[in-house]
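What follows is a short report on a single structure.
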Amino acid sequence: MKTKAISSFFVLFAIAAGIVAMTPGAFADHSQVTIEAAAGSGAPGCEETAEGCYIPSTATVDVGGEVIFSNTDSAAHTFTSGDPTVPESVQVLFDSGLVMAGSTYSWSPTETGDVPYFCMVHPWMQGLIVVQEAGAAEEDDHGDDHGDEMMMPTGAASATGMLSDGTKVSVWTTAPTKGEMLEISVQFEGAEHVNHDMKVTQNGNTVLDDKGAHHHDGKGVHMTKALGSSDPVNITITFQGYGVDDPKTGPIGEEVVFSNVVPEFGTIAMMILAVAIISIVAVTAKSRVVPRF
C-alpha cells in the first residue's frame, strides 16, 4: 500500500506538472510584479542603456494585482504615475513620495490600461506599467485593420512599450535556445509604413543589428543569428519615422527597450515533468505495481 501511495503521488505530480508545461506563456500569471530602480540611476545616463532606469522598464500586472517599487539604488527616488512632459497626467494614479534607499512602495491597479511613470527627482527615469485583466492573453488586442492578428510563436514571450505619440509597440519572441536563431515579431499597433532599427543583445553580445526595417502594415518578423546561450535577451527598437518618402514623420529617434525577454513557462516545467515521469517509471519498476485510481 505504501508503494502504491508513493506511485500515485508521482502520477498526480506528473499530471500537475504537465498542465503547467502545456499552459501557454501568453496566459502567464501577473498578480505581482517588482520594479527596481537601476543602480546609479540618480545620475543621467541610465536612459541610454538597454536595461533603462527601471528594471524592468516595461512591466505587466493584472487588475487587482500588486506592483512593488523597490529602491535598490543608493539615491532616494519617487515612483510617480504620469508623463513628465504632460503635467496634467502627473500623480493621477499614484505618487510614492520620496522613497529612501532600501525601501519599497506598492500600488494596486483597479482598471486596465497603460500607465507611464517616472521619478520626480530624476525625470529622465521613466517606465511603463501595462495593466491587463487577470488571466488575459498577452497577445490580445494587438490586431489592426489589415487582416488577421499576428500569431504568437509557440512558447513565446511578449512585451509591450509605447512611443510618445501613443503608438503601442509590442514584441513576441520564441524561447531563447543555445545554438538556435531567435524569431522576433514586432507590431506597431494601428500604424502603417513604419521604419525602425532593431538591436538585440544577449549577455552583452549583439545577436541582431537590423537597420532601416520597413513594415507597410506595422508588423514584421526579424531573426537573430544563432544564440550563444539560452539566457534572456534585450531588445532595443529605434523608431525611424512613418512613411515611404522623406521627410518621414513621427517621434524619430525614440527608443523602446525591452529587457530580459524570456518566456515565463516552458523549459522549467518540462524539466519537472520529465523528473516526475522518470520517478514513476523507477518506483513502478521496483515495486512491479501499477498505480490505480
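Lettering and numbering for the C-alpha cells are positional, with chains as A, B, ... in the shown order, residues counted from 1 in each chain, and ligands counted from 1 in the shown order.
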
Compile the contact shell of Leu98 (chain A) as a list of chain:residue names: residues with an atom at most 10 Å away, counting only C-alpha atoms, same-chain residues fewer than 4 positions apart removed.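 Once the nearby chain positions are removed, what remains is A:Ala76, A:His77, A:Thr78, A:Phe79, A:Thr80, A:Ser103, A:Tyr105, A:Cys119, A:Met120, A:Val121.
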
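Using only C-alpha atoms, the protein and nucleic acid residues lying no more than 6 Å from region 195-201 of chain A, apart from those fewer than 4 places from it along its own chain, are Asn205, Thr206, Val207, Leu208, Asp209, Asp210, Lys211, Gly212, Ala213, His214, Val233, Asn234, Ile235, Thr236, Ile237, Thr238, Phe239, Gln240 and Gly241 of chain A.
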
Residues just named, written with N, CA and C atoms as a compact mmCIF listing (two decimals), in the first residue's frame:
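What follows is the written file selection.txt:
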```txt
# COMPACT_ATOMS: atom_id res chain seq x y z
N ASN A 205 26.46 40.60 -25.87
CA ASN A 205 26.84 40.33 -27.26
C ASN A 205 25.68 40.65 -28.20
N THR A 206 25.98 41.32 -29.31
CA THR A 206 24.96 41.68 -30.29
C THR A 206 24.64 40.48 -31.16
N VAL A 207 23.36 40.09 -31.17
CA VAL A 207 22.94 38.94 -31.99
C VAL A 207 22.06 39.38 -33.15
N LEU A 208 21.68 40.66 -33.17
CA LEU A 208 20.94 41.22 -34.30
C LEU A 208 21.13 42.73 -34.31
N ASP A 209 21.47 43.28 -35.46
CA ASP A 209 21.58 44.73 -35.61
C ASP A 209 20.96 45.08 -36.96
N ASP A 210 19.64 45.15 -36.97
CA ASP A 210 18.87 45.35 -38.20
C ASP A 210 18.52 46.82 -38.34
N LYS A 211 19.03 47.46 -39.36
CA LYS A 211 18.81 48.89 -39.57
C LYS A 211 17.93 49.11 -40.80
N GLY A 212 17.08 50.12 -40.71
CA GLY A 212 16.26 50.52 -41.84
C GLY A 212 15.14 49.56 -42.20
N ALA A 213 14.61 48.83 -41.21
CA ALA A 213 13.49 47.93 -41.49
C ALA A 213 12.24 48.74 -41.81
N HIS A 214 11.44 48.24 -42.73
CA HIS A 214 10.19 48.92 -43.12
C HIS A 214 9.06 47.91 -43.12
N VAL A 233 17.15 37.87 -23.60
CA VAL A 233 17.74 38.86 -24.50
C VAL A 233 17.19 40.25 -24.18
N ASN A 234 17.91 41.26 -24.63
CA ASN A 234 17.46 42.65 -24.54
C ASN A 234 17.21 43.15 -25.95
N ILE A 235 16.06 43.79 -26.16
CA ILE A 235 15.67 44.26 -27.49
C ILE A 235 15.50 45.77 -27.45
N THR A 236 16.19 46.47 -28.35
CA THR A 236 16.04 47.92 -28.45
C THR A 236 15.54 48.26 -29.85
N ILE A 237 14.37 48.90 -29.91
CA ILE A 237 13.79 49.35 -31.17
C ILE A 237 13.93 50.86 -31.26
N THR A 238 14.60 51.33 -32.29
CA THR A 238 14.76 52.77 -32.51
C THR A 238 13.84 53.19 -33.65
N PHE A 239 12.85 54.01 -33.35
CA PHE A 239 11.87 54.43 -34.34
C PHE A 239 12.50 55.40 -35.32
N GLN A 240 12.26 55.15 -36.64
CA GLN A 240 12.85 56.00 -37.68
C GLN A 240 11.81 56.69 -38.56
N GLY A 241 10.56 56.71 -38.09
CA GLY A 241 9.56 57.52 -38.79
C GLY A 241 8.50 56.73 -39.53
```

Neighbouring residues of Ala59 (chain A) were defined as those with any atom within 7 Å, considering only C-alpha atoms; residues of the same chain fewer than 4 positions away were excluded. Please report them as number ranges by chain. A: 128-130

Selection export as a tab-separated table (two decimals), in the first residue's frame, atoms kept: C-alpha atoms:
```tsv
chain	number	residue	atom	x	y	z
A	128	LEU	CA	5.66	51.82	-18.28
A	129	ILE	CA	3.18	49.54	-16.48
A	130	VAL	CA	0.75	47.55	-18.65
```

Just want the 10 Å neighbourhood of Ile184 (chain A), counted on only C-alpha atoms, with same-chain residues fewer than 2 positions away dropped. Output as a compact mmCIF listing (two decimals) with all heavy atoms, in the first residue's frame.
```
# COMPACT_ATOMS: atom_id res chain seq x y z
N MET A 152 1.29 34.57 -32.24
CA MET A 152 2.41 34.46 -31.31
C MET A 152 3.12 33.14 -31.54
O MET A 152 2.49 32.09 -31.60
CB MET A 152 1.92 34.55 -29.87
CG MET A 152 3.02 34.36 -28.85
SD MET A 152 2.42 34.46 -27.16
CE MET A 152 2.15 36.21 -27.02
N PRO A 153 4.46 33.14 -31.68
CA PRO A 153 5.19 31.88 -31.85
C PRO A 153 4.98 30.97 -30.66
O PRO A 153 4.74 31.41 -29.54
CB PRO A 153 6.66 32.35 -31.94
CG PRO A 153 6.58 33.78 -32.33
CD PRO A 153 5.34 34.30 -31.70
N ALA A 156 6.19 31.46 -26.81
CA ALA A 156 6.72 32.81 -26.94
C ALA A 156 6.65 33.63 -25.66
O ALA A 156 5.86 33.37 -24.77
CB ALA A 156 5.98 33.55 -28.05
N ALA A 157 7.52 34.63 -25.61
CA ALA A 157 7.43 35.67 -24.60
C ALA A 157 6.91 36.91 -25.29
O ALA A 157 7.03 37.08 -26.49
CB ALA A 157 8.81 35.92 -24.00
N SER A 158 6.29 37.81 -24.53
CA SER A 158 5.79 39.04 -25.13
C SER A 158 6.04 40.21 -24.20
O SER A 158 6.17 40.04 -22.99
CB SER A 158 4.29 38.92 -25.44
OG SER A 158 3.55 38.80 -24.24
N VAL A 171 6.28 43.23 -28.90
CA VAL A 171 7.17 42.23 -29.47
C VAL A 171 6.81 40.86 -28.91
O VAL A 171 6.36 40.73 -27.78
CB VAL A 171 8.66 42.53 -29.18
CG1 VAL A 171 9.10 43.81 -29.85
CG2 VAL A 171 8.94 42.56 -27.68
N TRP A 172 7.01 39.82 -29.72
CA TRP A 172 6.87 38.44 -29.31
C TRP A 172 8.14 37.71 -29.74
O TRP A 172 8.67 37.97 -30.83
CB TRP A 172 5.68 37.77 -29.99
CG TRP A 172 4.35 38.38 -29.70
CD1 TRP A 172 3.47 37.98 -28.74
CD2 TRP A 172 3.73 39.48 -30.36
NE1 TRP A 172 2.34 38.78 -28.77
CE2 TRP A 172 2.47 39.69 -29.74
CE3 TRP A 172 4.10 40.32 -31.41
CZ2 TRP A 172 1.59 40.70 -30.15
CZ3 TRP A 172 3.24 41.30 -31.82
CH2 TRP A 172 2.00 41.50 -31.19
N THR A 173 8.66 36.82 -28.93
CA THR A 173 9.84 36.07 -29.32
C THR A 173 9.64 34.59 -29.03
O THR A 173 8.87 34.21 -28.14
CB THR A 173 11.10 36.53 -28.55
OG1 THR A 173 11.10 35.94 -27.23
CG2 THR A 173 11.18 38.03 -28.44
N THR A 174 10.33 33.76 -29.80
CA THR A 174 10.38 32.36 -29.46
C THR A 174 11.29 32.20 -28.25
O THR A 174 11.94 33.16 -27.83
CB THR A 174 10.93 31.54 -30.64
OG1 THR A 174 12.16 32.14 -31.09
CG2 THR A 174 9.95 31.53 -31.81
N ALA A 175 11.34 31.02 -27.67
CA ALA A 175 12.17 30.80 -26.49
C ALA A 175 13.65 30.85 -26.87
O ALA A 175 14.07 30.19 -27.82
CB ALA A 175 11.85 29.44 -25.86
N MET A 181 18.53 30.24 -33.81
CA MET A 181 18.16 31.63 -34.06
C MET A 181 16.88 31.96 -33.29
O MET A 181 16.04 31.10 -33.08
CB MET A 181 17.97 31.88 -35.55
CG MET A 181 19.23 31.73 -36.38
SD MET A 181 19.00 32.18 -38.12
CE MET A 181 17.88 30.88 -38.64
N LEU A 182 16.76 33.21 -32.90
CA LEU A 182 15.58 33.69 -32.18
C LEU A 182 14.69 34.44 -33.16
O LEU A 182 15.15 35.34 -33.87
CB LEU A 182 16.00 34.62 -31.04
CG LEU A 182 14.89 35.11 -30.11
CD1 LEU A 182 14.41 33.97 -29.22
CD2 LEU A 182 15.39 36.27 -29.25
N VAL A 186 7.31 41.88 -34.34
CA VAL A 186 7.09 43.22 -33.80
C VAL A 186 5.84 43.81 -34.43
O VAL A 186 5.52 43.52 -35.59
CB VAL A 186 8.31 44.14 -34.05
CG1 VAL A 186 8.57 44.30 -35.54
CG2 VAL A 186 8.11 45.51 -33.41
N VAL A 200 19.42 43.60 -30.89
CA VAL A 200 19.17 42.57 -29.88
C VAL A 200 20.51 42.12 -29.31
O VAL A 200 21.44 41.81 -30.06
CB VAL A 200 18.43 41.36 -30.48
CG1 VAL A 200 18.13 40.32 -29.40
CG2 VAL A 200 17.14 41.81 -31.16
N GLY A 220 6.08 43.03 -38.51
CA GLY A 220 7.22 42.41 -39.17
C GLY A 220 7.84 41.33 -38.31
O GLY A 220 7.55 41.20 -37.13
N VAL A 221 8.71 40.53 -38.93
CA VAL A 221 9.41 39.45 -38.26
C VAL A 221 10.90 39.59 -38.50
O VAL A 221 11.33 39.85 -39.63
CB VAL A 221 8.92 38.07 -38.75
CG1 VAL A 221 9.70 36.96 -38.06
CG2 VAL A 221 7.44 37.90 -38.49
N HIS A 222 11.69 39.44 -37.43
CA HIS A 222 13.14 39.54 -37.51
C HIS A 222 13.77 38.26 -36.94
O HIS A 222 13.21 37.65 -36.05
CB HIS A 222 13.66 40.75 -36.73
CG HIS A 222 13.07 42.06 -37.19
ND1 HIS A 222 13.77 42.97 -37.96
CD2 HIS A 222 11.84 42.60 -36.99
CE1 HIS A 222 13.00 44.02 -38.20
NE2 HIS A 222 11.82 43.82 -37.62
N MET A 223 14.93 37.89 -37.47
CA MET A 223 15.63 36.70 -36.98
C MET A 223 17.04 37.07 -36.54
O MET A 223 17.77 37.77 -37.25
CB MET A 223 15.71 35.63 -38.09
CG MET A 223 14.37 35.12 -38.58
SD MET A 223 13.47 34.14 -37.36
CE MET A 223 14.52 32.69 -37.25
N THR A 224 17.42 36.62 -35.36
CA THR A 224 18.78 36.85 -34.88
C THR A 224 19.70 35.79 -35.47
O THR A 224 19.25 34.83 -36.10
CB THR A 224 18.85 36.75 -33.35
OG1 THR A 224 18.67 35.38 -32.95
CG2 THR A 224 17.79 37.62 -32.69
N ILE A 235 16.06 43.79 -26.16
CA ILE A 235 15.67 44.26 -27.49
C ILE A 235 15.50 45.77 -27.45
O ILE A 235 14.75 46.30 -26.62
CB ILE A 235 14.35 43.61 -27.95
CG1 ILE A 235 14.49 42.08 -27.96
CG2 ILE A 235 13.95 44.12 -29.33
CD1 ILE A 235 13.17 41.36 -28.22
```

Neighbouring residues of Gly82 (chain A) were defined as those with any atom within 6 Å, considering only C-alpha atoms; residues of the same chain fewer than 3 positions away were excluded. Please report them as a PDB file with C-alpha atoms, in the first residue's frame.
```
ATOM      1  CA  SER A  89      -1.043  63.450 -16.097  1.00  0.00           C
ATOM      2  CA  VAL A  90       1.279  63.519 -13.090  1.00  0.00           C
ATOM      3  CA  PRO A 116       3.594  55.595 -17.631  1.00  0.00           C
ATOM      4  CA  TYR A 117       5.546  56.600 -14.526  1.00  0.00           C
TER       5      TYR A 117
END
```

Just the number, please: distance in Å from CA of Val256 (chain A) to CA of Gly243 (chain A), one decimal.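 The value is 19.1 Å.
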
Hey, can you check how far CA of Asn260 (chain A) sits from CA of Met100 (chain A)? 26.0 Å

Can you work out which one of A:Gly64, A:Pro56, A:Gly179, A:Gly250 has the shortest atom-to-atom distance to Val131 (chain A), counting only C-alpha atoms? A:Gly64

Using only C-alpha atoms, which protein or nucleic acid residues come within 12 Å of Ala38 (chain A)? Drop anything in the same chain fewer than 4 positions from it, and give the result as a list in words. Gly42, Ala43, Pro44, Gly45, Cys46, Glu47, Thr49, Ala50, Glu51, Gly52, Cys53, Tyr54, Ile55, Pro56, Ser57, Phe69, Ser70, Asn71, Thr72, Asp73, Ser74, Ala75, Ala76, His77, Ala101, Cys119, Met125, Gln126 and Gly127 of chain A

Mind writing the picked residues with N, CA and C atoms as a compact mmCIF listing (two decimals), in the first residue's frame?
```txt
# COMPACT_ATOMS: atom_id res chain seq x y z
N GLY A 42 20.36 57.74 -10.26
CA GLY A 42 20.26 59.11 -9.77
C GLY A 42 21.04 60.10 -10.60
N ALA A 43 21.84 59.60 -11.53
CA ALA A 43 22.59 60.46 -12.45
C ALA A 43 22.16 60.12 -13.88
N PRO A 44 22.10 61.10 -14.77
CA PRO A 44 21.70 60.84 -16.16
C PRO A 44 22.59 59.77 -16.80
N GLY A 45 22.02 59.03 -17.71
CA GLY A 45 22.78 58.01 -18.43
C GLY A 45 22.06 56.67 -18.47
N CYS A 46 21.28 56.35 -17.43
CA CYS A 46 20.59 55.06 -17.41
C CYS A 46 19.57 54.97 -18.53
N GLU A 47 19.02 56.11 -18.93
CA GLU A 47 18.03 56.10 -20.01
C GLU A 47 18.62 55.71 -21.35
N THR A 49 20.83 53.17 -21.64
CA THR A 49 21.22 51.77 -21.58
C THR A 49 20.09 50.86 -22.04
N ALA A 50 20.44 49.61 -22.36
CA ALA A 50 19.43 48.64 -22.81
C ALA A 50 18.44 48.32 -21.70
N GLU A 51 18.90 48.32 -20.44
CA GLU A 51 18.02 47.98 -19.32
C GLU A 51 17.10 49.13 -18.94
N GLY A 52 17.52 50.37 -19.17
CA GLY A 52 16.73 51.52 -18.77
C GLY A 52 16.96 51.88 -17.31
N CYS A 53 16.19 52.85 -16.81
CA CYS A 53 16.36 53.34 -15.44
C CYS A 53 15.55 52.54 -14.44
N TYR A 54 14.54 51.82 -14.93
CA TYR A 54 13.76 50.92 -14.09
C TYR A 54 13.90 49.51 -14.65
N ILE A 55 13.99 48.53 -13.77
CA ILE A 55 14.13 47.14 -14.21
C ILE A 55 12.97 46.32 -13.66
N PRO A 56 12.06 45.81 -14.54
CA PRO A 56 12.05 46.03 -15.99
C PRO A 56 11.49 47.40 -16.34
N SER A 57 11.87 47.91 -17.50
CA SER A 57 11.39 49.23 -17.90
C SER A 57 9.91 49.18 -18.31
N PHE A 69 7.41 48.71 -5.95
CA PHE A 69 8.54 49.53 -6.37
C PHE A 69 9.63 49.39 -5.30
N SER A 70 10.76 48.85 -5.69
CA SER A 70 11.86 48.62 -4.75
C SER A 70 13.03 49.53 -5.10
N ASN A 71 13.40 50.39 -4.17
CA ASN A 71 14.52 51.29 -4.42
C ASN A 71 15.82 50.60 -4.02
N THR A 72 16.42 49.91 -4.97
CA THR A 72 17.68 49.22 -4.74
C THR A 72 18.88 50.10 -5.05
N ASP A 73 18.61 51.35 -5.44
CA ASP A 73 19.69 52.29 -5.73
C ASP A 73 20.15 52.95 -4.42
N SER A 74 21.27 53.67 -4.49
CA SER A 74 21.80 54.35 -3.31
C SER A 74 21.17 55.73 -3.10
N ALA A 75 20.48 56.25 -4.12
CA ALA A 75 19.84 57.56 -4.02
C ALA A 75 18.35 57.39 -3.76
N ALA A 76 17.72 58.42 -3.22
CA ALA A 76 16.27 58.40 -2.99
C ALA A 76 15.55 58.71 -4.31
N HIS A 77 14.41 58.06 -4.51
CA HIS A 77 13.62 58.25 -5.73
C HIS A 77 12.14 58.33 -5.39
N ALA A 101 16.67 54.80 -0.07
CA ALA A 101 17.39 53.59 -0.50
C ALA A 101 17.06 52.43 0.43
N CYS A 119 10.37 59.34 -12.04
CA CYS A 119 10.86 59.84 -10.77
C CYS A 119 10.83 61.36 -10.82
N MET A 125 14.28 59.26 -15.50
CA MET A 125 13.87 57.90 -15.15
C MET A 125 12.41 57.73 -15.50
N GLN A 126 12.13 56.93 -16.53
CA GLN A 126 10.76 56.72 -16.97
C GLN A 126 10.52 55.24 -17.25
N GLY A 127 9.30 54.78 -16.97
CA GLY A 127 8.94 53.39 -17.22
C GLY A 127 7.48 53.28 -17.60
```

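Counting only C-alpha atoms, the residue from A:Val169, A:Leu227, A:Val33, A:Leu163 that sits nearest to Gln187 (chain A) is A:Val169.
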
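Between Asp83 (chain A) and the candidates A:Met162, A:Val67, A:Ala134, A:Val61, the tightest atom-to-atom separation, counting only C-alpha atoms, involves A:Met162.
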
I need the residues of region 29-181 of chain A that end up classed as strand (DSSP E) by DSSP on the backbone, written out as a PyMOL selection string. chain A and resi 32-37+54-55+58-62+66-70+80-81+104-107+113-118+126-132+157-162+168-173

Using C-alpha atoms, can you write the selected residues to a file as an mmCIF file, in the first residue's frame?
```
data_model
loop_
_atom_site.group_PDB
_atom_site.id
_atom_site.type_symbol
_atom_site.label_atom_id
_atom_site.label_comp_id
_atom_site.auth_asym_id
_atom_site.auth_seq_id
_atom_site.Cartn_x
_atom_site.Cartn_y
_atom_site.Cartn_z
ATOM 1 C CA GLN A 32 2.528 40.645 -8.629
ATOM 2 C CA VAL A 33 5.480 42.387 -10.223
ATOM 3 C CA THR A 34 8.543 44.027 -8.670
ATOM 4 C CA ILE A 35 10.197 47.032 -10.313
ATOM 5 C CA GLU A 36 13.647 48.139 -9.171
ATOM 6 C CA ALA A 37 15.439 51.432 -9.612
ATOM 7 C CA TYR A 54 13.763 50.917 -14.087
ATOM 8 C CA ILE A 55 14.133 47.140 -14.211
ATOM 9 C CA THR A 58 8.050 47.793 -19.079
ATOM 10 C CA ALA A 59 6.131 45.643 -16.583
ATOM 11 C CA THR A 60 2.819 43.789 -16.872
ATOM 12 C CA VAL A 61 0.415 43.321 -13.952
ATOM 13 C CA ASP A 62 -3.159 42.113 -13.513
ATOM 14 C CA GLU A 66 0.342 44.414 -6.814
ATOM 15 C CA VAL A 67 3.185 46.491 -8.205
ATOM 16 C CA ILE A 68 6.100 46.703 -5.784
ATOM 17 C CA PHE A 69 8.541 49.529 -6.372
ATOM 18 C CA SER A 70 11.858 48.619 -4.752
ATOM 19 C CA THR A 80 5.014 58.783 -9.663
ATOM 20 C CA SER A 81 2.404 57.974 -12.295
ATOM 21 C CA THR A 104 9.691 49.935 -1.068
ATOM 22 C CA TYR A 105 6.309 51.296 -2.138
ATOM 23 C CA SER A 106 3.381 49.331 -3.560
ATOM 24 C CA TRP A 107 0.392 50.142 -5.756
ATOM 25 C CA GLY A 113 -4.543 50.423 -19.421
ATOM 26 C CA ASP A 114 -1.002 51.618 -19.963
ATOM 27 C CA VAL A 115 0.393 53.610 -17.049
ATOM 28 C CA PRO A 116 3.594 55.595 -17.631
ATOM 29 C CA TYR A 117 5.546 56.600 -14.526
ATOM 30 C CA PHE A 118 8.749 58.444 -13.599
ATOM 31 C CA GLN A 126 10.757 56.717 -16.970
ATOM 32 C CA GLY A 127 8.941 53.389 -17.219
ATOM 33 C CA LEU A 128 5.659 51.825 -18.283
ATOM 34 C CA ILE A 129 3.182 49.535 -16.481
ATOM 35 C CA VAL A 130 0.754 47.551 -18.650
ATOM 36 C CA VAL A 131 -2.341 46.650 -16.620
ATOM 37 C CA GLN A 132 -4.385 43.747 -18.009
ATOM 38 C CA ALA A 157 7.434 35.665 -24.598
ATOM 39 C CA SER A 158 5.788 39.042 -25.130
ATOM 40 C CA ALA A 159 6.315 42.606 -24.008
ATOM 41 C CA THR A 160 4.732 45.980 -24.753
ATOM 42 C CA GLY A 161 6.030 49.534 -24.876
ATOM 43 C CA MET A 162 4.869 52.838 -26.296
ATOM 44 C CA LYS A 168 1.780 50.841 -28.786
ATOM 45 C CA VAL A 169 4.823 48.746 -29.706
ATOM 46 C CA SER A 170 4.634 45.013 -28.984
ATOM 47 C CA VAL A 171 7.173 42.226 -29.473
ATOM 48 C CA TRP A 172 6.874 38.436 -29.308
ATOM 49 C CA THR A 173 9.842 36.069 -29.318
#
```
